[in-house]
Amino acid sequence: MDEYQEQPHLLDPHLESILSQLLNIARDPKTPTAAVHLAFRCLYLVTKVRGYKIIVRLMPHEVADLEPVLALLMQQDPLDFGTWETRYMLLLWLSIVSMIPFDMVKLDSNIKLQTGEVKKPIMNRIIDAGKMYLNVCDKTLDAAAYLVSRFMTRPDVKKEKLPEFLDWAVMVMNNANRETMPGMTELRGVLTTLALLFKNGKREDLVDYAPVVLQKLSECQLDDINNTVLRLLGIKLVHRLGLTFLKHRVAAWRYQRGSRSLIENLSVKTDSTQAASDMVHTRLEDEDGDDYDIPEEIEDVIEKLLSGLKDKETIVRWAAAKGIGRVTGRLPKELADEVVGSVLELCSLRESDAAWHGACLSLAELGRRGLLVPQRLTEVVPVVLKALAYDEKRGNFSVGAHVRDAACYVCWAFARAYEPEEIGLHVYKIANALVIVSIFDREVNVRRAASAAFQENVGRQGTFPHGIDILTTADYFAVGNRTNCYLELSVYVAQFPEYTQALIDHLTHIKSNHWDSAMRELTSKALHNLTVQASEYMAKTVLPYLLPLTTGIDLNTRHGTILDVAEIVHALSIIARKTDRTISDLLDQNVIDGIKAIAKVLHDAKLFRGLGGELMRKAVSCLIEKMSLSGMPYHSDAVLDLWHDLLDDCLQHVEPEVQACAVAAIPAFCDEYYRLDDGRARPDAQEKVLEKYLQGLRSPVETARMGFSLALGTLPKFMFSGKLKSVLMGLMQAIRITEKEKKWAEARSDAVKALTSICKTVGVEASGSPSEVICNENINEVYDSLLVAMTDYTTEGRGDVGAWVREASMSALHDLTILAVNSEPKLVTPDITRSVFCCLVQQACEKIDRTRGHAGDLFGKLLYHEPPVPHVPHKKELMEIFPEAGLWLLNWSIPAKTFPKFVQLITLPTYRYSILLGMTVSVGGLTESLVKHSGAALHSYLRTVSKNRETMQVLAGALKQIFKDHQKVDRVSIPFLKMLEQLLASGCFEIFASIESSLPMEFLLLCKQEINRSKDPQKLMASADVFCSLLQFPGETKKKSLLQLLIFMCHVYPRIRKTTANKLYEAVVTYDDIVSDENMDEVLTLLSETKWDEDLETVRPIRNQICDLLNIARPIRKKAVKESSE
């Protein structure tokens, strides 16, 4: 059923059949109770989707249904919350059955019950059932209210029971305890029923009771209750009472628009259309003429509804707005105008955002109903325009999105309500306001609401400038992306002169000091793009307005306006270059001097420190970058030293964003102010910059190293002239891992990135000078440094942070290799190519998905690069395993896709060690999917070669070498132990059990060396698994493995003892010849029934007994090392 929630009318052809089948099940007395409840639950699901008003009309409502439905309802337990759907549907069913066109008295019976009492009249029983369920705090309360409200409108019931019921309702309102949940539930039930009763009942039947109900409702003081539902019901009841006080009429004074045809609005008017427009002010004849009888209570009703417009909950304000609209429609023109005036008074600075929102909703309702006469538009439109820009800052956020959204609704309603002639005076203002909101508002729902209102006005009014052109571009979907709105749509709309200045003024006056820094940054970029549309206005008006604000007291304003000035000046410089002018030709001298003074004023005021200092640093860094790109005439000014010192200070800041802004400014700053006319660097500036930055690479603070590394990487080529050697040495030193700075992986990563960037900047030239370019004298040093970075496996609280260094190094190896291949292929030696490819294939088999994906991507690019990379080992075989056709569709980070391919490289001697080393970490890892797919790929390969003795010897030798090379390196050794156990247990090394081979013994000895003096439980338990698997090999290997396992069974850690006993039990059962047949049962009993986690003095004799049964010498405890395992 939920699939039909969006289009429930699709169910209509089938509803009658569905209801008939389900009700037949419920009616059948043979149906089990559980099935009846299930049938009603299914009925509720249908009702939830299609709506109870539709479903009720389709339910059977014959006289014969009344008693059974009522009887079934009375059998239900109101407190059984598991079957509330049954009670809900029965109440709805009863609400239609009880409306049968027969007097209820005729259905009563005088037959006595078994108790001797006469059955109560059916009218009383229905009302009692309804009252009972009005006190239940579930969905059945709504159905009960609907039942009672409809039942009370019957002619026979209202005559006998309506006064009594209203007395009961008023009593409940008086006596309900509003501080308890039962009391509030009771009050909710009564208010819901009364609201529906005054909605569905006839005015003449209820008007006499309305004053009393209104009085009691006022005494309840629902406005003070912190319960949204009760306040909502109070507003609903008030406005229904108001409609009851007033006679139903269509106001003769209301404004009615003539034609509402979109085609006529967009086409040239014909005579008939003109005639229709002449009837705009058609007045509808009122049956009673001007004879209005306005009760005194209407003033209270209006006051309560106006108060409801200021409620803190949207749903209450919306109900109050609809009530204002409906009640006003029955008032005379003078009183209605007073209501409009009262609504407009809510839109003042002293009122809250809730009042503004409620007022906008009310204005929209009044306009939509024709109750806002055109004469009022001169007062209403300015209020709506203010609401469209409403944004009240509160701390680090603001409120007002709901107000702007409601203001868009007002504009939408006006488009449908008024003729173009009536609203023509305000078209320009409304069009600009809606365009501004649809493009520049922060919230996507408000932008879309403004776009919808703009569309409605274009269609209904046909007077918005360039409406169709804007509408087709800035549609519902286009305004969904905020960046697209600011940077693309704004430029398109600004090409129309009617909107250009309004867009620019809104950005400079409103959005420049927005509370959200992201909005201020987007504003500056938007102004940059809009400058080309009004360059003169930007230079002569906008910049002089913004400059004083750049050093003001408000942080947000300073930040936003500095960014704006930077972007506008940059855009003006681009325009100047295109017209063979300089930026000085476009800007006044006072503007140029004002921009130069910004940094000094902020520095003197110490605004780069403390609260907001980060924002100021980023903004001024951006200003320096844009002024440098613009070529501002400050080349010999003292401000350059201040700018440079500020950038250097920002490079050492702890915030990466501040560093990034400074790094982005440095190349433009150096290129503009530190380069001589002949293209060389100013010697003093070059020496100063490089000395400072190289010294920063040795800083004892990690963030400083990061900043200076990145800054070095962005310097232009002329800054390295004659100094490249010292720069490379400094970065290579920063890449090396030292014990003191081992955890500084981010600094090393940035150093690698800087080294890569410098290599790209200076280029490769085989016979060049090592102080100028990458050449045959220094390229090997660069490669060696990058290969050292590939061994960075630093881990800390954030995990494997060394992966950042390895990924940066892989990118560097790729970029440097491509650079050399494209210019000087002879510099790429076989050793370099082999090392690069071995590193890539190893990383492509390791455990981190992101790293594997990056390595695989670079591997594929190098393999198929044009011109080809020279000296690629086994290139033909690689291209067969990784064909170019499917390479770019391969997702390298998915283990199931990549491991089956890379495992085939084990057959290639050059890559064997690297592949097995990478797979060791994956197969023995922790991630289930990674272990599964990598292990499956390795086992699959080994099964194909397990019978080949020579291949297995080579493979086992490579594994042994990996284990030997990484002794005591837990990153590799623990996964290796797990992988080795998997290979031994799966029978991959069975061939060594049938021949005399030293490999099993060598693995055993390496394991013992690895766990020597180790207290790591994970490593010890992994080694126990290996020792158990080595029991399949005969001779000394089996004997020493058993001895090691028996030593573990008296380890100081109870966990080790218990785990080892369990594993030895499994091994004894699995492998033959471990224990003799006559001792088998006893050994298994001792292993399984002993509590190995008890103290050592208890378990040691049992362990020794097992030693005797296995013919293994009892281990002798080494007293010299008391804390080591026996």
# chains A, B, ... in the order shown; residues from 1 in each chain; ligands from 1

call {"tool": "residues_around", "arguments": {"residues": "range 345-361 of chain A", "least_positions_apart": "2", "cutoff": "10 Å", "atoms": "only C-alpha atoms", "output": "JSON, numbers by chain"}}
result
{"A": [306, 307, 308, 309, 310, 311, 312, 313, 314, 315, 316, 317, 318, 319, 320, 321, 322, 324, 325, 339, 340, 341, 342, 343, 363, 364, 365, 366, 367, 380, 383, 384, 386, 387, 388, 390, 391, 392, 399, 400, 401, 402, 403, 404, 405, 406, 407, 408, 409, 410, 411]}

call {"tool": "write_last_selection", "arguments": {"atoms": "C-alpha atoms", "output": "PDB file, in the first residue's frame"}}
result
ATOM      1  CA  LEU A 306      -4.287  37.077  15.504  1.00  0.00           C
ATOM      2  CA  SER A 307      -2.625  35.740  18.652  1.00  0.00           C
ATOM      3  CA  GLY A 308      -2.437  32.324  16.994  1.00  0.00           C
ATOM      4  CA  LEU A 309      -0.467  33.887  14.136  1.00  0.00           C
ATOM      5  CA  LYS A 310       2.371  34.458  16.626  1.00  0.00           C
ATOM      6  CA  ASP A 311       2.415  30.923  18.007  1.00  0.00           C
ATOM      7  CA  LYS A 312       5.796  29.212  18.151  1.00  0.00           C
ATOM      8  CA  GLU A 313       4.623  26.236  16.075  1.00  0.00           C
ATOM      9  CA  THR A 314       4.131  26.470  12.324  1.00  0.00           C
ATOM     10  CA  ILE A 315       1.082  24.215  12.249  1.00  0.00           C
ATOM     11  CA  VAL A 316      -0.753  26.477  14.721  1.00  0.00           C
ATOM     12  CA  ARG A 317       0.129  29.623  12.759  1.00  0.00           C
ATOM     13  CA  TRP A 318      -1.051  27.972   9.544  1.00  0.00           C
ATOM     14  CA  ALA A 319      -4.403  27.059  11.126  1.00  0.00           C
ATOM     15  CA  ALA A 320      -4.782  30.625  12.434  1.00  0.00           C
ATOM     16  CA  ALA A 321      -4.008  32.062   8.987  1.00  0.00           C
ATOM     17  CA  LYS A 322      -6.689  29.919   7.375  1.00  0.00           C
ATOM     18  CA  ILE A 324      -8.346  34.650   9.469  1.00  0.00           C
ATOM     19  CA  GLY A 325      -9.049  34.159   5.782  1.00  0.00           C
ATOM     20  CA  VAL A 339      -8.235  42.824  10.164  1.00  0.00           C
ATOM     21  CA  VAL A 340      -5.785  43.374   7.304  1.00  0.00           C
ATOM     22  CA  GLY A 341      -4.324  46.316   9.197  1.00  0.00           C
ATOM     23  CA  SER A 342      -3.897  44.209  12.313  1.00  0.00           C
ATOM     24  CA  VAL A 343      -2.124  41.518  10.290  1.00  0.00           C
ATOM     25  CA  LEU A 363      -1.750  37.751   3.812  1.00  0.00           C
ATOM     26  CA  ALA A 364      -1.458  34.924   1.319  1.00  0.00           C
ATOM     27  CA  GLU A 365      -4.788  33.477   2.455  1.00  0.00           C
ATOM     28  CA  LEU A 366      -6.471  36.871   2.288  1.00  0.00           C
ATOM     29  CA  GLY A 367      -5.071  37.562  -1.140  1.00  0.00           C
ATOM     30  CA  VAL A 380       1.295  45.136   1.610  1.00  0.00           C
ATOM     31  CA  VAL A 383       5.987  44.349   3.845  1.00  0.00           C
ATOM     32  CA  VAL A 384       6.249  41.307   1.596  1.00  0.00           C
ATOM     33  CA  LYS A 386      10.909  42.940   3.682  1.00  0.00           C
ATOM     34  CA  ALA A 387       9.737  39.424   4.474  1.00  0.00           C
ATOM     35  CA  LEU A 388      11.508  38.095   1.384  1.00  0.00           C
ATOM     36  CA  TYR A 390      14.021  38.504   6.487  1.00  0.00           C
ATOM     37  CA  ASP A 391      17.033  36.953   8.203  1.00  0.00           C
ATOM     38  CA  GLU A 392      17.529  37.413  11.939  1.00  0.00           C
ATOM     39  CA  VAL A 399      16.182  32.305  11.705  1.00  0.00           C
ATOM     40  CA  GLY A 400      13.985  33.497   8.893  1.00  0.00           C
ATOM     41  CA  ALA A 401      13.915  30.782   6.240  1.00  0.00           C
ATOM     42  CA  HIS A 402      10.282  30.013   7.091  1.00  0.00           C
ATOM     43  CA  VAL A 403       9.398  33.711   6.818  1.00  0.00           C
ATOM     44  CA  ARG A 404      10.991  33.998   3.379  1.00  0.00           C
ATOM     45  CA  ASP A 405       9.244  30.805   2.312  1.00  0.00           C
ATOM     46  CA  ALA A 406       5.877  32.213   3.430  1.00  0.00           C
ATOM     47  CA  ALA A 407       6.613  35.489   1.639  1.00  0.00           C
ATOM     48  CA  CYS A 408       7.140  33.490  -1.564  1.00  0.00           C
ATOM     49  CA  TYR A 409       3.717  31.957  -0.942  1.00  0.00           C
ATOM     50  CA  VAL A 410       2.266  35.488  -0.725  1.00  0.00           C
ATOM     51  CA  CYS A 411       3.796  36.365  -4.091  1.00  0.00           C
TER      52      CYS A 411
END

call {"tool": "residues_around", "arguments": {"residues": "Leu710 in chain A", "least_positions_apart": "5", "cutoff": "12 Å", "atoms": "only C-alpha atoms", "output": "PyMOL selection string"}}
result
chain A and resi 648+651-652+656+659-667+693-694+696-697+703-705+715+731+746-758

call {"tool": "closest_residue", "arguments": {"among": "A:Val701, A:Leu527, A:Leu586, A:Leu232", "to": "Val565 in chain A", "atoms": "only C-alpha atoms"}}
result
A:Leu527

call {"tool": "residues_around", "arguments": {"residues": "Arg482 in chain A", "least_positions_apart": "5", "cutoff": "9 Å", "atoms": "only C-alpha atoms", "output": "number ranges by chain"}}
result
A: 439-444, 447, 487, 522

call {"tool": "closest_residue", "arguments": {"among": "A:Gly613, A:Pro1034, A:Pro825, A:Pro1017", "to": "Arg1057 in chain A", "atoms": "only C-alpha atoms"}}
result
A:Pro1017

call {"tool": "closest_residue", "arguments": {"among": "A:Glu807, A:Lys131, A:His871, A:Glu379", "to": "Ile832 in chain A", "atoms": "only C-alpha atoms"}}
result
A:His871

call {"tool": "atom_distance", "arguments": {"atom1": "CA of Glu672 in chain A", "atom2": "CA of Leu602 in chain A"}}
result
23.2 Å

call {"tool": "residues_around", "arguments": {"residues": "Lys106 in chain A", "least_positions_apart": "6", "cutoff": "12 Å", "atoms": "only C-alpha atoms", "output": "number ranges by chain"}}
result
A: 63, 100, 121-123, 156

call {"tool": "atom_distance", "arguments": {"atom1": "CA of Val836 in chain A", "atom2": "CA of Leu908 in chain A"}}
result
15.7 Å

call {"tool": "select_by_dssp", "arguments": {"residues": "range 759-937 of chain A", "states": "strand (DSSP E)", "output": "PyMOL selection string"}}
result
chain A and resi 795-796+799-800

call {"tool": "residues_around", "arguments": {"residues": "Val903 in chain A", "least_positions_apart": "2", "cutoff": "10 Å", "atoms": "only C-alpha atoms", "output": "PyMOL selection string"}}
result
chain A and resi 845+898-901+905-907+912+915-916+919+934+937-942

call {"tool": "write_last_selection", "arguments": {"atoms": "C-alpha atoms", "output": "PDB file, in the first residue's frame"}}
result
ATOM      1  CA  CYS A 845      47.582  -5.980  -2.841  1.00  0.00           C
ATOM      2  CA  THR A 898      41.740  -7.179  -8.378  1.00  0.00           C
ATOM      3  CA  PHE A 899      43.221 -10.005  -6.280  1.00  0.00           C
ATOM      4  CA  PRO A 900      42.508 -12.783  -8.826  1.00  0.00           C
ATOM      5  CA  LYS A 901      44.496 -10.751 -11.353  1.00  0.00           C
ATOM      6  CA  LEU A 905      52.046 -12.165 -10.915  1.00  0.00           C
ATOM      7  CA  ILE A 906      53.462 -14.663  -8.393  1.00  0.00           C
ATOM      8  CA  THR A 907      54.716 -16.677 -11.353  1.00  0.00           C
ATOM      9  CA  ARG A 912      56.846 -12.486  -6.594  1.00  0.00           C
ATOM     10  CA  ILE A 915      52.979  -9.571  -4.423  1.00  0.00           C
ATOM     11  CA  LEU A 916      53.378 -12.067  -1.559  1.00  0.00           C
ATOM     12  CA  MET A 919      48.991 -10.275   0.089  1.00  0.00           C
ATOM     13  CA  SER A 934      42.431 -12.274  -1.012  1.00  0.00           C
ATOM     14  CA  ALA A 937      42.629 -15.839  -4.790  1.00  0.00           C
ATOM     15  CA  LEU A 938      45.861 -17.073  -3.157  1.00  0.00           C
ATOM     16  CA  HIS A 939      44.485 -20.546  -2.378  1.00  0.00           C
ATOM     17  CA  SER A 940      43.119 -20.856  -5.892  1.00  0.00           C
ATOM     18  CA  TYR A 941      46.527 -20.122  -7.344  1.00  0.00           C
ATOM     19  CA  LEU A 942      48.362 -22.462  -4.964  1.00  0.00           C
TER      20      LEU A 942
END

call {"tool": "closest_residue", "arguments": {"among": "A:Arg581, A:Arg617, A:Lys247, A:Lys960", "to": "Pro295 in chain A", "atoms": "only C-alpha atoms"}}
result
A:Lys247

call {"tool": "select_by_dssp", "arguments": {"residues": "range 941-1108 of chain A", "states": "alpha helix (DSSP H)", "output": "number ranges by chain"}}
result
A: 941-945, 949-965, 970-985, 991-994, 999-1011, 1017-1029, 1036-1048, 1054-1070, 1077-1089, 1096-1108

call {"tool": "closest_residue", "arguments": {"among": "A:Glu1010, A:Glu204, A:Glu950, A:Glu928", "to": "Phe976 in chain A", "atoms": "only C-alpha atoms"}}
result
A:Glu1010

call {"tool": "residues_around", "arguments": {"residues": "Thr795 in chain A", "least_positions_apart": "3", "cutoff": "10 Å", "atoms": "only C-alpha atoms", "output": "list of chain:residue names"}}
result
A:Lys742, A:Lys743, A:Ala745, A:Asp792, A:Arg798, A:Gly799, A:Asp800, A:Val801, A:Gly802, A:Ala803, A:Arg971

call {"tool": "closest_residue", "arguments": {"among": "A:Ile1106, A:Gln375, A:Tyr911, A:Leu690", "to": "Lys875 in chain A", "atoms": "only C-alpha atoms"}}
result
A:Tyr911

call {"tool": "residues_around", "arguments": {"residues": "Ala417 in chain A", "least_positions_apart": "6", "cutoff": "8 Å", "atoms": "only C-alpha atoms", "output": "PDB file with all heavy atoms, in the first residue's frame"}}
result
ATOM      1  N   GLN A 256     -12.468  40.105  -7.267  1.00  0.00           N
ATOM      2  CA  GLN A 256     -12.509  38.863  -8.038  1.00  0.00           C
ATOM      3  C   GLN A 256     -11.845  39.095  -9.372  1.00  0.00           C
ATOM      4  O   GLN A 256     -12.238  39.989 -10.128  1.00  0.00           O
ATOM      5  CB  GLN A 256     -13.941  38.382  -8.260  1.00  0.00           C
ATOM      6  CG  GLN A 256     -13.984  37.048  -8.999  1.00  0.00           C
ATOM      7  CD  GLN A 256     -15.396  36.611  -9.321  1.00  0.00           C
ATOM      8  OE1 GLN A 256     -16.323  37.412  -9.195  1.00  0.00           O
ATOM      9  NE2 GLN A 256     -15.560  35.380  -9.729  1.00  0.00           N
ATOM     10  N   ARG A 257     -10.866  38.329  -9.630  1.00  0.00           N
ATOM     11  CA  ARG A 257     -10.182  38.444 -10.919  1.00  0.00           C
ATOM     12  C   ARG A 257     -11.053  37.851 -12.004  1.00  0.00           C
ATOM     13  O   ARG A 257     -11.718  36.844 -11.817  1.00  0.00           O
ATOM     14  CB  ARG A 257      -8.846  37.714 -10.861  1.00  0.00           C
ATOM     15  CG  ARG A 257      -8.055  37.847 -12.142  1.00  0.00           C
ATOM     16  CD  ARG A 257      -6.677  37.257 -11.987  1.00  0.00           C
ATOM     17  NE  ARG A 257      -5.927  37.392 -13.223  1.00  0.00           N
ATOM     18  CZ  ARG A 257      -4.677  37.023 -13.384  1.00  0.00           C
ATOM     19  NH1 ARG A 257      -4.044  36.517 -12.356  1.00  0.00           N
ATOM     20  NH2 ARG A 257      -4.063  37.173 -14.527  1.00  0.00           N
ATOM     21  N   GLY A 367      -5.197  37.253   0.287  1.00  0.00           N
ATOM     22  CA  GLY A 367      -5.071  37.562  -1.140  1.00  0.00           C
ATOM     23  C   GLY A 367      -5.672  36.482  -2.011  1.00  0.00           C
ATOM     24  O   GLY A 367      -6.318  36.765  -3.036  1.00  0.00           O
ATOM     25  N   ARG A 368      -5.451  35.247  -1.636  1.00  0.00           N
ATOM     26  CA  ARG A 368      -5.965  34.129  -2.432  1.00  0.00           C
ATOM     27  C   ARG A 368      -7.486  34.126  -2.480  1.00  0.00           C
ATOM     28  O   ARG A 368      -8.089  33.703  -3.469  1.00  0.00           O
ATOM     29  CB  ARG A 368      -5.451  32.822  -1.828  1.00  0.00           C
ATOM     30  CG  ARG A 368      -5.618  31.609  -2.688  1.00  0.00           C
ATOM     31  CD  ARG A 368      -4.855  30.442  -2.109  1.00  0.00           C
ATOM     32  NE  ARG A 368      -5.379  30.033  -0.816  1.00  0.00           N
ATOM     33  CZ  ARG A 368      -6.379  29.171  -0.652  1.00  0.00           C
ATOM     34  NH1 ARG A 368      -6.987  28.649  -1.704  1.00  0.00           N
ATOM     35  NH2 ARG A 368      -6.783  28.821   0.561  1.00  0.00           N
ATOM     36  N   ARG A 369      -8.127  34.622  -1.427  1.00  0.00           N
ATOM     37  CA  ARG A 369      -9.587  34.634  -1.347  1.00  0.00           C
ATOM     38  C   ARG A 369     -10.196  35.944  -1.853  1.00  0.00           C
ATOM     39  O   ARG A 369     -11.406  36.141  -1.746  1.00  0.00           O
ATOM     40  CB  ARG A 369     -10.032  34.391   0.101  1.00  0.00           C
ATOM     41  CG  ARG A 369      -9.618  33.040   0.652  1.00  0.00           C
ATOM     42  CD  ARG A 369      -9.880  32.937   2.150  1.00  0.00           C
ATOM     43  NE  ARG A 369      -9.392  31.673   2.673  1.00  0.00           N
ATOM     44  CZ  ARG A 369     -10.099  30.545   2.709  1.00  0.00           C
ATOM     45  NH1 ARG A 369     -11.346  30.543   2.241  1.00  0.00           N
ATOM     46  NH2 ARG A 369      -9.585  29.435   3.208  1.00  0.00           N
ATOM     47  N   GLY A 370      -9.363  36.854  -2.362  1.00  0.00           N
ATOM     48  CA  GLY A 370      -9.877  38.117  -2.868  1.00  0.00           C
ATOM     49  C   GLY A 370     -10.256  39.097  -1.796  1.00  0.00           C
ATOM     50  O   GLY A 370     -11.019  40.045  -2.042  1.00  0.00           O
TER      51      GLY A 370
END

call {"tool": "atom_distance", "arguments": {"atom1": "CA of Val931 in chain A", "atom2": "CA of Leu840 in chain A"}}
result
20.2 Å
